[in-house]
$ cat structure06.csv   # CSV, C-alpha atoms
chain,number,residue,atom,x,y,z
A,1,MET,CA,-9.5,-6.8,-16.1
A,2,ILE,CA,-8.3,-7.2,-12.5
A,3,ILE,CA,-7.3,-4.0,-10.7
A,4,VAL,CA,-5.5,-4.1,-7.4
A,5,LEU,CA,-5.3,-0.9,-5.3
A,6,ALA,CA,-2.3,-1.7,-3.1
A,7,ILE,CA,-2.5,1.0,-0.4
A,8,ASP,CA,0.2,1.1,2.2
A,9,ALA,CA,-1.0,1.5,5.8
A,10,LEU,CA,-4.7,1.9,4.9
A,11,GLU,CA,-6.3,1.8,8.3
A,12,TYR,CA,-9.6,-0.1,8.7
A,13,GLU,CA,-10.9,2.3,11.4
A,14,LYS,CA,-10.1,5.4,9.2
A,15,VAL,CA,-11.9,3.9,6.2
A,16,GLN,CA,-14.9,3.5,8.5
A,17,GLN,CA,-14.5,6.9,10.1
A,18,PHE,CA,-14.2,8.8,6.9
A,19,GLY,CA,-17.0,7.0,5.2
A,20,CYS,CA,-14.9,5.6,2.3
A,21,ASP,CA,-17.6,3.3,0.9
A,22,ASN,CA,-15.8,2.9,-2.4
A,23,LEU,CA,-12.7,1.6,-0.7
A,24,LYS,CA,-14.9,-0.7,1.5
A,25,GLN,CA,-16.9,-2.1,-1.5
A,26,GLN,CA,-19.4,-4.9,-0.8
A,27,TYR,CA,-17.0,-7.3,0.9
A,28,TYR,CA,-14.3,-6.0,3.3
A,29,GLY,CA,-12.5,-6.6,6.5
A,30,LYS,CA,-9.2,-6.9,8.3
A,31,THR,CA,-6.4,-9.1,7.2
A,32,ASP,CA,-4.6,-11.4,9.7
A,33,ILE,CA,-0.9,-10.7,9.7
A,34,SER,CA,-0.2,-12.3,13.1
A,35,GLU,CA,2.2,-14.8,11.6
A,36,PHE,CA,4.8,-12.1,11.0
A,37,SER,CA,7.0,-10.9,13.9
A,38,GLU,CA,6.6,-7.3,12.8
A,39,PRO,CA,4.3,-5.6,10.2
A,40,ARG,CA,7.0,-4.5,7.8
A,41,THR,CA,6.2,-3.2,4.4
A,42,MET,CA,8.7,-5.1,2.3
A,43,VAL,CA,8.0,-8.4,4.1
A,44,LEU,CA,4.2,-8.2,3.7
A,45,TRP,CA,4.1,-7.2,0.0
A,46,SER,CA,6.7,-9.9,-0.8
A,47,SER,CA,4.5,-12.4,0.9
A,48,PHE,CA,1.5,-11.2,-0.9
A,49,ILE,CA,2.9,-11.6,-4.4
A,50,THR,CA,4.6,-14.9,-3.8
A,51,GLY,CA,1.8,-16.5,-1.7
A,52,MET,CA,4.2,-17.5,1.0
A,53,ASN,CA,5.6,-16.0,4.2
A,54,LYS,CA,8.9,-14.4,3.1
A,55,GLU,CA,9.8,-12.7,6.4
A,56,LYS,CA,13.0,-14.7,7.0
A,57,VAL,CA,14.2,-14.4,3.4
A,58,VAL,CA,13.6,-10.6,3.2
A,59,LEU,CA,15.1,-9.8,6.6
A,60,SER,CA,18.2,-12.1,6.1
A,61,GLY,CA,20.0,-9.4,4.2
A,62,GLY,CA,19.7,-6.8,6.9
A,63,ASN,CA,17.7,-3.6,6.9
A,64,ASN,CA,19.5,-1.8,4.1
A,65,GLU,CA,19.5,-4.8,1.7
A,66,MET,CA,15.8,-5.5,2.4
A,67,TRP,CA,14.6,-2.5,0.4
A,68,SER,CA,16.5,-3.5,-2.8
A,69,LYS,CA,14.9,-7.0,-2.8
A,70,ARG,CA,13.2,-7.8,-6.1
A,71,TRP,CA,11.4,-11.1,-6.9
A,72,ASN,CA,11.5,-12.6,-10.4
A,73,ILE,CA,8.1,-12.5,-12.1
A,74,GLY,CA,8.2,-16.4,-12.2
A,75,ASP,CA,8.1,-16.4,-8.4
A,76,THR,CA,5.0,-14.2,-8.2
A,77,LEU,CA,1.3,-14.2,-9.0
A,78,PHE,CA,2.0,-12.0,-12.1
A,79,SER,CA,3.5,-15.0,-13.9
A,80,SER,CA,-0.1,-16.2,-14.5
A,81,PHE,CA,-1.0,-13.1,-16.6
A,82,LYS,CA,-0.1,-12.2,-20.2
A,83,ASP,CA,0.1,-8.5,-19.9
A,84,PRO,CA,0.5,-7.3,-16.2
A,85,ILE,CA,1.3,-3.8,-15.2
A,86,VAL,CA,2.7,-3.4,-11.7
A,87,LEU,CA,3.5,0.1,-10.5
A,88,ASP,CA,6.0,0.9,-7.7
A,89,LEU,CA,5.3,-2.3,-5.7
A,90,PRO,CA,7.9,-3.2,-2.9
A,91,GLY,CA,9.7,-6.4,-3.8
A,92,PHE,CA,8.9,-6.1,-7.5
A,93,SER,CA,8.9,-2.7,-9.2
A,94,TYR,CA,9.7,-0.4,-6.3
A,95,ASP,CA,11.2,3.0,-7.0
A,96,LEU,CA,14.1,2.6,-4.6
A,97,LEU,CA,15.6,6.1,-4.9
A,98,SER,CA,12.3,7.9,-4.4
A,99,HIS,CA,11.3,5.9,-1.3
A,100,GLU,CA,14.9,6.1,0.1
A,101,LYS,CA,14.6,9.9,0.0
A,102,SER,CA,11.4,9.7,2.2
A,103,ARG,CA,13.2,7.4,4.7
A,104,ASN,CA,16.1,9.8,4.9
A,105,LEU,CA,13.8,12.8,5.5
A,106,LEU,CA,12.0,10.8,8.2
A,107,ARG,CA,15.3,10.1,9.9
A,108,ARG,CA,16.4,13.7,9.6
A,109,PHE,CA,13.2,14.9,11.2
A,110,PHE,CA,13.7,12.8,14.4
A,111,GLU,CA,17.4,13.8,14.5
A,112,ALA,CA,16.7,17.6,14.1
A,113,GLU,CA,17.6,19.6,17.1
A,114,ASN,CA,15.0,22.4,17.0
A,115,ASN,CA,11.4,23.0,15.9
A,116,ASN,CA,12.3,25.3,13.0
A,117,GLU,CA,14.4,22.6,11.5
A,118,LYS,CA,11.7,20.0,12.1
A,119,GLU,CA,9.1,22.2,10.4
A,120,ALA,CA,11.2,22.7,7.3
A,121,ILE,CA,12.0,19.0,7.0
A,122,LEU,CA,8.3,18.1,7.6
A,123,LYS,CA,7.2,20.5,4.8
A,124,GLU,CA,9.7,18.9,2.4
A,125,TYR,CA,8.8,15.4,3.5
A,126,ASN,CA,5.0,15.9,2.9
A,127,LYS,CA,5.6,17.7,-0.5
A,128,ASP,CA,7.9,14.9,-1.7
A,129,ALA,CA,5.3,12.2,-0.7
A,130,ILE,CA,2.5,14.0,-2.5
A,131,GLU,CA,4.5,14.6,-5.7
A,132,HIS,CA,5.4,10.9,-5.8
A,133,HIS,CA,1.7,10.0,-5.2
A,134,LYS,CA,0.7,12.2,-8.2
A,135,LYS,CA,3.3,10.6,-10.4
A,136,ILE,CA,2.1,7.0,-9.6
A,137,LYS,CA,-1.6,8.0,-9.9
A,138,GLU,CA,-1.0,9.5,-13.4
A,139,LYS,CA,0.7,6.3,-14.5
A,140,PHE,CA,-2.0,4.2,-12.9
A,141,LEU,CA,-4.9,6.0,-14.6
A,142,GLU,CA,-3.1,5.6,-18.0
A,143,ALA,CA,-2.6,1.9,-17.4
A,144,ILE,CA,-6.2,1.1,-16.6
A,145,LYS,CA,-7.3,2.7,-19.9
A,146,GLN,CA,-5.1,0.3,-21.8
A,147,ARG,CA,-7.1,-2.8,-20.7
A,148,HIS,CA,-4.2,-5.0,-19.3
A,149,ASP,CA,-5.3,-8.3,-17.8
A,150,ILE,CA,-4.1,-7.1,-14.4
A,151,VAL,CA,-3.1,-3.6,-13.2
A,152,LEU,CA,-1.6,-3.1,-9.7
A,153,GLY,CA,-0.8,0.3,-8.4
A,154,TYR,CA,1.0,0.7,-5.1
A,155,PHE,CA,0.2,4.0,-3.3
A,156,SER,CA,2.4,4.9,-0.3
A,157,ALA,CA,1.3,8.4,0.6
A,158,ILE,CA,-1.1,7.3,3.4
A,159,ASP,CA,1.8,5.5,5.1
A,160,VAL,CA,4.5,8.0,4.4
A,161,ILE,CA,2.5,11.1,5.4
A,162,GLY,CA,0.8,9.2,8.3
A,163,HIS,CA,4.1,8.5,10.1
A,164,LEU,CA,4.5,12.2,10.9
A,165,ASN,CA,1.0,13.5,10.4
A,166,PHE,CA,-1.4,10.8,11.7
A,167,GLY,CA,-2.8,13.2,14.3
A,168,ASN,CA,-3.7,15.7,11.6
A,169,GLY,CA,-7.3,14.6,10.9
A,170,THR,CA,-7.9,17.0,8.1
A,171,MET,CA,-4.8,15.9,6.2
A,172,MET,CA,-5.5,12.2,6.6
A,173,LYS,CA,-9.1,12.6,5.7
A,174,THR,CA,-8.0,14.3,2.5
A,175,LEU,CA,-5.7,11.4,1.6
A,176,TYR,CA,-8.4,8.8,2.3
A,177,ARG,CA,-11.0,10.6,0.3
A,178,GLU,CA,-8.5,10.9,-2.6
A,179,MET,CA,-8.1,7.1,-2.6
A,180,ASP,CA,-11.9,6.6,-2.2
A,181,GLU,CA,-12.5,8.7,-5.3
A,182,LEU,CA,-9.9,6.7,-7.2
A,183,ALA,CA,-11.7,3.5,-6.2
A,184,ALA,CA,-15.0,5.0,-7.4
A,185,GLU,CA,-13.5,5.8,-10.8
A,186,ILE,CA,-12.3,2.2,-11.1
A,187,LYS,CA,-15.8,0.8,-10.2
A,188,ASN,CA,-17.2,2.5,-13.3
A,189,ILE,CA,-15.0,0.5,-15.7
A,190,PRO,CA,-17.0,-2.3,-17.2
A,191,ASP,CA,-15.9,-6.0,-16.7
A,192,THR,CA,-13.5,-5.1,-13.9
A,193,LYS,CA,-12.8,-6.8,-10.6
A,194,LEU,CA,-11.4,-4.5,-8.0
A,195,ILE,CA,-9.3,-5.6,-5.0
A,196,VAL,CA,-8.2,-3.1,-2.4
A,197,LEU,CA,-5.5,-4.3,-0.1
A,198,SER,CA,-3.2,-2.9,2.5
A,199,ASP,CA,-0.1,-4.5,4.0
A,200,HIS,CA,-0.9,-3.2,7.5
A,201,GLY,CA,-2.9,-0.3,9.1
A,202,MET,CA,-1.7,2.5,11.2
A,203,LYS,CA,-2.2,3.3,14.9
A,204,PRO,CA,-1.6,6.7,16.7
A,205,ILE,CA,1.6,7.3,18.6
A,206,GLY,CA,0.9,10.8,19.9
A,207,ALA,CA,0.7,13.0,16.9
A,208,PHE,CA,2.6,10.4,14.8
A,209,GLY,CA,1.6,7.0,13.4
A,210,ASP,CA,3.1,3.5,13.5
A,211,HIS,CA,2.2,0.2,11.8
A,212,SER,CA,-0.7,-1.7,13.3
A,213,ASN,CA,-0.9,-5.5,13.5
A,214,TYR,CA,-3.6,-6.1,10.9
A,215,GLY,CA,-4.3,-4.9,7.4
A,216,PHE,CA,-7.3,-4.0,5.3
A,217,TRP,CA,-9.0,-5.8,2.3
A,218,SER,CA,-12.0,-5.4,0.2
A,219,THR,CA,-13.3,-6.9,-3.0
A,220,SER,CA,-16.0,-6.1,-5.6
A,221,PHE,CA,-16.9,-9.8,-5.7
A,222,ASP,CA,-17.5,-12.6,-3.2
A,223,ALA,CA,-14.1,-14.3,-2.6
A,224,HIS,CA,-15.5,-16.2,0.4
A,225,LEU,CA,-13.1,-14.4,2.8
A,226,SER,CA,-13.6,-13.6,6.5
A,227,SER,CA,-10.3,-12.9,8.2
A,228,PRO,CA,-7.8,-13.8,5.4
A,229,LYS,CA,-4.0,-13.8,5.5
A,230,ILE,CA,-2.3,-11.5,3.1
A,231,THR,CA,-0.9,-14.6,1.4
A,232,ASP,CA,-4.4,-15.8,0.6
A,233,PHE,CA,-4.8,-13.2,-2.1
A,234,PHE,CA,-2.3,-15.0,-4.3
A,235,LYS,CA,-4.9,-17.8,-4.9
A,236,VAL,CA,-7.8,-15.4,-5.0
A,237,ILE,CA,-6.2,-13.4,-7.8
A,238,GLN,CA,-5.0,-16.5,-9.7
A,239,ASN,CA,-8.5,-18.1,-9.5
A,240,LEU,CA,-10.0,-15.0,-11.2
$ encode --input "structure06.csv" --output "structure tokens"
Amino acid sequence: MIIVLAIDALEYEKVQQFGCDNLKQQYYGKTDISEFSEPRTMVLWSSFITGMNKEKVVLSGGNNEMWSKRWNIGDTLFSSFKDPIVLDLPGFSYDLLSHEKSRNLLRRFFEAENNNEKEAILKEYNKDAIEHHKKIKEKFLEAIKQRHDIVLGYFSAIDVIGHLNFGNGTMMKTLYREMDELAAEIKNIPDTKLIVLSDHGMKPIGAFGDHSNYGFWSTSFDAHLSSPKITDFFKVIQNL
């Protein structure tokens, strides 16, 4: 079984800082996303699953239309598998309404006129992100018990919460350790190859966080990678 932990905004430096050895695995590094004009979530995951730079196509519909983009399975790496499970992945099985709620709360936070209003919105924003994370994690844990040929779970909490809380070291460490524990659980499953992949990392902007211009990758096997592009994982996974 192939398992992909698709973790939005997993930052290389934080993986190192927090000692997340299960996320690092034996082989790990930064991905090269310099071919893209901006490190945008929908663009990068669309490029990952199709094996091609899809920036122009994804952005051509405008910012609002971008989020509703869904690729047919025949255009993606999942077409090579008999029984794939893909949870919440942008460009394929994205929970549009749930993530739209997060973006609306983020916008309201920066539009709020006083600190009390900001604090209330931040509390709701963080709670909503954690509840969504728990829902996806529950589905993911059930899926990996069913022995599909490939299971991909997309986890967005590190990105969503990081945008407004990146300066909160305790909160971010908790999120990273949570994902590290999940990776450890996967590594105990026999006959499993694990890929950990992020679209981009995250850099500090004061107390907040913004997308960085590289991503993170790791594998439980030697895929002969050094500084891969996110599109390179299309062939890596198909070759497995």
$ residues_around --input "structure06.csv" --residues "Ser102 in chain A" --least-positions-apart "2" --cutoff "8 Å" --atoms "all atoms listed in the file" --output "PyMOL selection string"
chain A and resi 98-100+104-106+125+128-129+160
$ residues_around --input "structure06.csv" --residues "range 76-83 of chain A" --least-positions-apart "5" --cutoff "6 Å" --atoms "only C-alpha atoms" --output "list in words"
Ile49, Thr50, His148, Asp149 and Phe234 of chain A
$ residues_around --input "structure06.csv" --residues "Met179 in chain A" --least-positions-apart "6" --cutoff "12 Å" --atoms "all atoms listed in the file" --output "count of residues only"
28
$ residues_around --input "structure06.csv" --residues "range 203-212 of chain A" --least-positions-apart "2" --cutoff "8 Å" --atoms "only C-alpha atoms" --output "list in words"
Ala9, Glu11, Pro39, Arg40, Gly162, His163, Leu164, Asn165, Phe166, Gly167, Asn168, His200, Gly201, Tyr214 and Gly215 of chain A
$ residues_around --input "structure06.csv" --residues "Gly29 in chain A" --least-positions-apart "3" --cutoff "10 Å" --atoms "only C-alpha atoms" --output "PDB file with C-alpha atoms, in the coordinates of the input"
ATOM      1  CA  TYR A  12      -9.600  -0.100   8.700  1.00  0.00           C
ATOM      2  CA  LYS A  24     -14.900  -0.700   1.500  1.00  0.00           C
ATOM      3  CA  ASP A  32      -4.600 -11.400   9.700  1.00  0.00           C
ATOM      4  CA  LEU A 197      -5.500  -4.300  -0.100  1.00  0.00           C
ATOM      5  CA  TYR A 214      -3.600  -6.100  10.900  1.00  0.00           C
ATOM      6  CA  GLY A 215      -4.300  -4.900   7.400  1.00  0.00           C
ATOM      7  CA  PHE A 216      -7.300  -4.000   5.300  1.00  0.00           C
ATOM      8  CA  TRP A 217      -9.000  -5.800   2.300  1.00  0.00           C
ATOM      9  CA  SER A 218     -12.000  -5.400   0.200  1.00  0.00           C
ATOM     10  CA  THR A 219     -13.300  -6.900  -3.000  1.00  0.00           C
ATOM     11  CA  LEU A 225     -13.100 -14.400   2.800  1.00  0.00           C
ATOM     12  CA  SER A 226     -13.600 -13.600   6.500  1.00  0.00           C
ATOM     13  CA  SER A 227     -10.300 -12.900   8.200  1.00  0.00           C
ATOM     14  CA  PRO A 228      -7.800 -13.800   5.400  1.00  0.00           C
TER      15      PRO A 228
END
$ atom_distance --input "structure06.csv" --atom1 "CA of Gly91 in chain A" --atom2 "CA of Lys69 in chain A"
5.3 Å
$ atom_distance --input "structure06.csv" --atom1 "CA of Met66 in chain A" --atom2 "CA of Met42 in chain A"
7.1 Å
$ closest_residue --input "structure06.csv" --among "A:Asn188, A:Gln26, A:Ser60, A:Ser198" --to "Thr41 in chain A" --atoms "all atoms listed in the file"
A:Ser198
$ closest_residue --input "structure06.csv" --among "A:Leu44, A:Gln17, A:Leu87, A:Thr192" --to "Lys135 in chain A" --atoms "all atoms listed in the file"
A:Leu87
$ decode --input "structure06.csv" --residues "range 131-178 of chain A" --atoms "N, CA and C atoms" --output "PDB file, in the first residue's frame"
ATOM      1  N   GLU A 131     -11.509  21.175  14.192  1.00  0.00           N
ATOM      2  CA  GLU A 131     -12.632  20.254  13.989  1.00  0.00           C
ATOM      3  C   GLU A 131     -12.551  19.604  12.608  1.00  0.00           C
ATOM      4  N   HIS A 132     -12.190  20.386  11.595  1.00  0.00           N
ATOM      5  CA  HIS A 132     -12.044  19.819  10.251  1.00  0.00           C
ATOM      6  C   HIS A 132     -10.883  18.825  10.215  1.00  0.00           C
ATOM      7  N   HIS A 133      -9.791  19.168  10.869  1.00  0.00           N
ATOM      8  CA  HIS A 133      -8.636  18.269  10.940  1.00  0.00           C
ATOM      9  C   HIS A 133      -9.029  16.924  11.559  1.00  0.00           C
ATOM     10  N   LYS A 134      -9.771  16.969  12.647  1.00  0.00           N
ATOM     11  CA  LYS A 134     -10.186  15.735  13.323  1.00  0.00           C
ATOM     12  C   LYS A 134     -11.078  14.881  12.421  1.00  0.00           C
ATOM     13  N   LYS A 135     -11.938  15.535  11.665  1.00  0.00           N
ATOM     14  CA  LYS A 135     -12.826  14.807  10.754  1.00  0.00           C
ATOM     15  C   LYS A 135     -12.035  14.086   9.671  1.00  0.00           C
ATOM     16  N   ILE A 136     -11.074  14.778   9.074  1.00  0.00           N
ATOM     17  CA  ILE A 136     -10.261  14.168   8.025  1.00  0.00           C
ATOM     18  C   ILE A 136      -9.382  13.064   8.605  1.00  0.00           C
ATOM     19  N   LYS A 137      -8.822  13.287   9.781  1.00  0.00           N
ATOM     20  CA  LYS A 137      -7.970  12.278  10.414  1.00  0.00           C
ATOM     21  C   LYS A 137      -8.759  10.996  10.689  1.00  0.00           C
ATOM     22  N   GLU A 138      -9.985  11.133  11.157  1.00  0.00           N
ATOM     23  CA  GLU A 138     -10.816   9.961  11.423  1.00  0.00           C
ATOM     24  C   GLU A 138     -11.067   9.158  10.146  1.00  0.00           C
ATOM     25  N   LYS A 139     -11.385   9.844   9.066  1.00  0.00           N
ATOM     26  CA  LYS A 139     -11.604   9.170   7.781  1.00  0.00           C
ATOM     27  C   LYS A 139     -10.320   8.520   7.274  1.00  0.00           C
ATOM     28  N   PHE A 140      -9.196   9.219   7.475  1.00  0.00           N
ATOM     29  CA  PHE A 140      -7.902   8.725   7.016  1.00  0.00           C
ATOM     30  C   PHE A 140      -7.510   7.447   7.758  1.00  0.00           C
ATOM     31  N   LEU A 141      -7.667   7.433   9.069  1.00  0.00           N
ATOM     32  CA  LEU A 141      -7.313   6.252   9.863  1.00  0.00           C
ATOM     33  C   LEU A 141      -8.172   5.055   9.481  1.00  0.00           C
ATOM     34  N   GLU A 142      -9.414   5.303   9.159  1.00  0.00           N
ATOM     35  CA  GLU A 142     -10.292   4.223   8.713  1.00  0.00           C
ATOM     36  C   GLU A 142      -9.855   3.708   7.346  1.00  0.00           C
ATOM     37  N   ALA A 143      -9.467   4.619   6.463  1.00  0.00           N
ATOM     38  CA  ALA A 143      -9.068   4.241   5.105  1.00  0.00           C
ATOM     39  C   ALA A 143      -7.817   3.372   5.098  1.00  0.00           C
ATOM     40  N   ILE A 144      -6.830   3.692   5.947  1.00  0.00           N
ATOM     41  CA  ILE A 144      -5.589   2.913   5.921  1.00  0.00           C
ATOM     42  C   ILE A 144      -5.765   1.522   6.526  1.00  0.00           C
ATOM     43  N   LYS A 145      -6.854   1.300   7.227  1.00  0.00           N
ATOM     44  CA  LYS A 145      -7.153  -0.048   7.720  1.00  0.00           C
ATOM     45  C   LYS A 145      -7.731  -0.936   6.627  1.00  0.00           C
ATOM     46  N   GLN A 146      -8.245  -0.311   5.576  1.00  0.00           N
ATOM     47  CA  GLN A 146      -8.971  -1.055   4.538  1.00  0.00           C
ATOM     48  C   GLN A 146      -8.077  -1.570   3.417  1.00  0.00           C
ATOM     49  N   ARG A 147      -6.786  -1.264   3.482  1.00  0.00           N
ATOM     50  CA  ARG A 147      -5.801  -1.783   2.529  1.00  0.00           C
ATOM     51  C   ARG A 147      -6.119  -1.426   1.083  1.00  0.00           C
ATOM     52  N   HIS A 148      -6.397  -0.174   0.817  1.00  0.00           N
ATOM     53  CA  HIS A 148      -6.479   0.328  -0.558  1.00  0.00           C
ATOM     54  C   HIS A 148      -5.072   0.306  -1.151  1.00  0.00           C
ATOM     55  N   ASP A 149      -4.974   0.370  -2.485  1.00  0.00           N
ATOM     56  CA  ASP A 149      -3.625   0.376  -3.064  1.00  0.00           C
ATOM     57  C   ASP A 149      -2.932   1.721  -2.873  1.00  0.00           C
ATOM     58  N   ILE A 150      -3.696   2.814  -2.784  1.00  0.00           N
ATOM     59  CA  ILE A 150      -3.132   4.109  -2.414  1.00  0.00           C
ATOM     60  C   ILE A 150      -4.154   4.886  -1.589  1.00  0.00           C
ATOM     61  N   VAL A 151      -3.668   5.508  -0.520  1.00  0.00           N
ATOM     62  CA  VAL A 151      -4.492   6.381   0.320  1.00  0.00           C
ATOM     63  C   VAL A 151      -3.764   7.712   0.447  1.00  0.00           C
ATOM     64  N   LEU A 152      -4.444   8.777   0.096  1.00  0.00           N
ATOM     65  CA  LEU A 152      -3.895  10.122   0.279  1.00  0.00           C
ATOM     66  C   LEU A 152      -4.820  10.913   1.195  1.00  0.00           C
ATOM     67  N   GLY A 153      -4.256  11.448   2.246  1.00  0.00           N
ATOM     68  CA  GLY A 153      -5.003  12.332   3.134  1.00  0.00           C
ATOM     69  C   GLY A 153      -4.389  13.720   3.117  1.00  0.00           C
ATOM     70  N   TYR A 154      -5.217  14.710   2.841  1.00  0.00           N
ATOM     71  CA  TYR A 154      -4.758  16.103   2.815  1.00  0.00           C
ATOM     72  C   TYR A 154      -5.124  16.758   4.147  1.00  0.00           C
ATOM     73  N   PHE A 155      -4.111  17.294   4.826  1.00  0.00           N
ATOM     74  CA  PHE A 155      -4.298  17.901   6.140  1.00  0.00           C
ATOM     75  C   PHE A 155      -3.924  19.383   6.065  1.00  0.00           C
ATOM     76  N   SER A 156      -4.885  20.229   6.366  1.00  0.00           N
ATOM     77  CA  SER A 156      -4.721  21.674   6.140  1.00  0.00           C
ATOM     78  C   SER A 156      -4.496  22.487   7.400  1.00  0.00           C
ATOM     79  N   ALA A 157      -4.575  21.866   8.596  1.00  0.00           N
ATOM     80  CA  ALA A 157      -4.572  22.640   9.843  1.00  0.00           C
ATOM     81  C   ALA A 157      -3.285  23.436  10.044  1.00  0.00           C
ATOM     82  N   ILE A 158      -2.140  22.866   9.662  1.00  0.00           N
ATOM     83  CA  ILE A 158      -0.874  23.583   9.859  1.00  0.00           C
ATOM     84  C   ILE A 158      -0.854  24.870   9.039  1.00  0.00           C
ATOM     85  N   ASP A 159      -1.427  24.833   7.856  1.00  0.00           N
ATOM     86  CA  ASP A 159      -1.510  26.032   7.022  1.00  0.00           C
ATOM     87  C   ASP A 159      -2.545  27.007   7.569  1.00  0.00           C
ATOM     88  N   VAL A 160      -3.750  26.517   7.784  1.00  0.00           N
ATOM     89  CA  VAL A 160      -4.846  27.392   8.203  1.00  0.00           C
ATOM     90  C   VAL A 160      -4.511  28.073   9.529  1.00  0.00           C
ATOM     91  N   ILE A 161      -4.149  27.299  10.514  1.00  0.00           N
ATOM     92  CA  ILE A 161      -3.845  27.865  11.826  1.00  0.00           C
ATOM     93  C   ILE A 161      -2.559  28.691  11.770  1.00  0.00           C
ATOM     94  N   GLY A 162      -1.598  28.253  10.961  1.00  0.00           N
ATOM     95  CA  GLY A 162      -0.336  28.974  10.866  1.00  0.00           C
ATOM     96  C   GLY A 162      -0.473  30.388  10.354  1.00  0.00           C
ATOM     97  N   HIS A 163      -1.434  30.635   9.487  1.00  0.00           N
ATOM     98  CA  HIS A 163      -1.588  31.982   8.930  1.00  0.00           C
ATOM     99  C   HIS A 163      -1.802  33.032  10.027  1.00  0.00           C
ATOM    100  N   LEU A 164      -2.533  32.670  11.075  1.00  0.00           N
ATOM    101  CA  LEU A 164      -2.802  33.643  12.135  1.00  0.00           C
ATOM    102  C   LEU A 164      -2.066  33.346  13.438  1.00  0.00           C
ATOM    103  N   ASN A 165      -1.393  32.194  13.530  1.00  0.00           N
ATOM    104  CA  ASN A 165      -0.793  31.784  14.805  1.00  0.00           C
ATOM    105  C   ASN A 165       0.647  31.307  14.669  1.00  0.00           C
ATOM    106  N   PHE A 166       1.314  31.651  13.567  1.00  0.00           N
ATOM    107  CA  PHE A 166       2.640  31.083  13.319  1.00  0.00           C
ATOM    108  C   PHE A 166       3.644  31.483  14.406  1.00  0.00           C
ATOM    109  N   GLY A 167       3.419  32.634  15.026  1.00  0.00           N
ATOM    110  CA  GLY A 167       4.298  33.075  16.106  1.00  0.00           C
ATOM    111  C   GLY A 167       4.041  32.380  17.428  1.00  0.00           C
ATOM    112  N   ASN A 168       2.977  31.583  17.508  1.00  0.00           N
ATOM    113  CA  ASN A 168       2.644  30.841  18.726  1.00  0.00           C
ATOM    114  C   ASN A 168       3.359  29.491  18.664  1.00  0.00           C
ATOM    115  N   GLY A 169       4.569  29.458  19.215  1.00  0.00           N
ATOM    116  CA  GLY A 169       5.394  28.259  19.111  1.00  0.00           C
ATOM    117  C   GLY A 169       4.762  27.031  19.730  1.00  0.00           C
ATOM    118  N   THR A 170       4.068  27.203  20.852  1.00  0.00           N
ATOM    119  CA  THR A 170       3.449  26.067  21.525  1.00  0.00           C
ATOM    120  C   THR A 170       2.352  25.455  20.664  1.00  0.00           C
ATOM    121  N   MET A 171       1.530  26.294  20.070  1.00  0.00           N
ATOM    122  CA  MET A 171       0.443  25.798  19.222  1.00  0.00           C
ATOM    123  C   MET A 171       0.987  25.095  17.988  1.00  0.00           C
ATOM    124  N   MET A 172       1.981  25.687  17.343  1.00  0.00           N
ATOM    125  CA  MET A 172       2.530  25.084  16.129  1.00  0.00           C
ATOM    126  C   MET A 172       3.246  23.771  16.451  1.00  0.00           C
ATOM    127  N   LYS A 173       3.960  23.727  17.566  1.00  0.00           N
ATOM    128  CA  LYS A 173       4.642  22.490  17.957  1.00  0.00           C
ATOM    129  C   LYS A 173       3.633  21.372  18.194  1.00  0.00           C
ATOM    130  N   THR A 174       2.510  21.706  18.795  1.00  0.00           N
ATOM    131  CA  THR A 174       1.462  20.708  19.036  1.00  0.00           C
ATOM    132  C   THR A 174       0.951  20.131  17.722  1.00  0.00           C
ATOM    133  N   LEU A 175       0.731  20.993  16.740  1.00  0.00           N
ATOM    134  CA  LEU A 175       0.241  20.541  15.437  1.00  0.00           C
ATOM    135  C   LEU A 175       1.273  19.657  14.734  1.00  0.00           C
ATOM    136  N   TYR A 176       2.534  20.062  14.786  1.00  0.00           N
ATOM    137  CA  TYR A 176       3.598  19.276  14.139  1.00  0.00           C
ATOM    138  C   TYR A 176       3.767  17.917  14.819  1.00  0.00           C
ATOM    139  N   ARG A 177       3.713  17.900  16.134  1.00  0.00           N
ATOM    140  CA  ARG A 177       3.846  16.634  16.855  1.00  0.00           C
ATOM    141  C   ARG A 177       2.661  15.713  16.565  1.00  0.00           C
ATOM    142  N   GLU A 178       1.492  16.307  16.405  1.00  0.00           N
ATOM    143  CA  GLU A 178       0.299  15.519  16.045  1.00  0.00           C
ATOM    144  C   GLU A 178       0.511  14.799  14.714  1.00  0.00           C
TER     145      GLU A 178
END
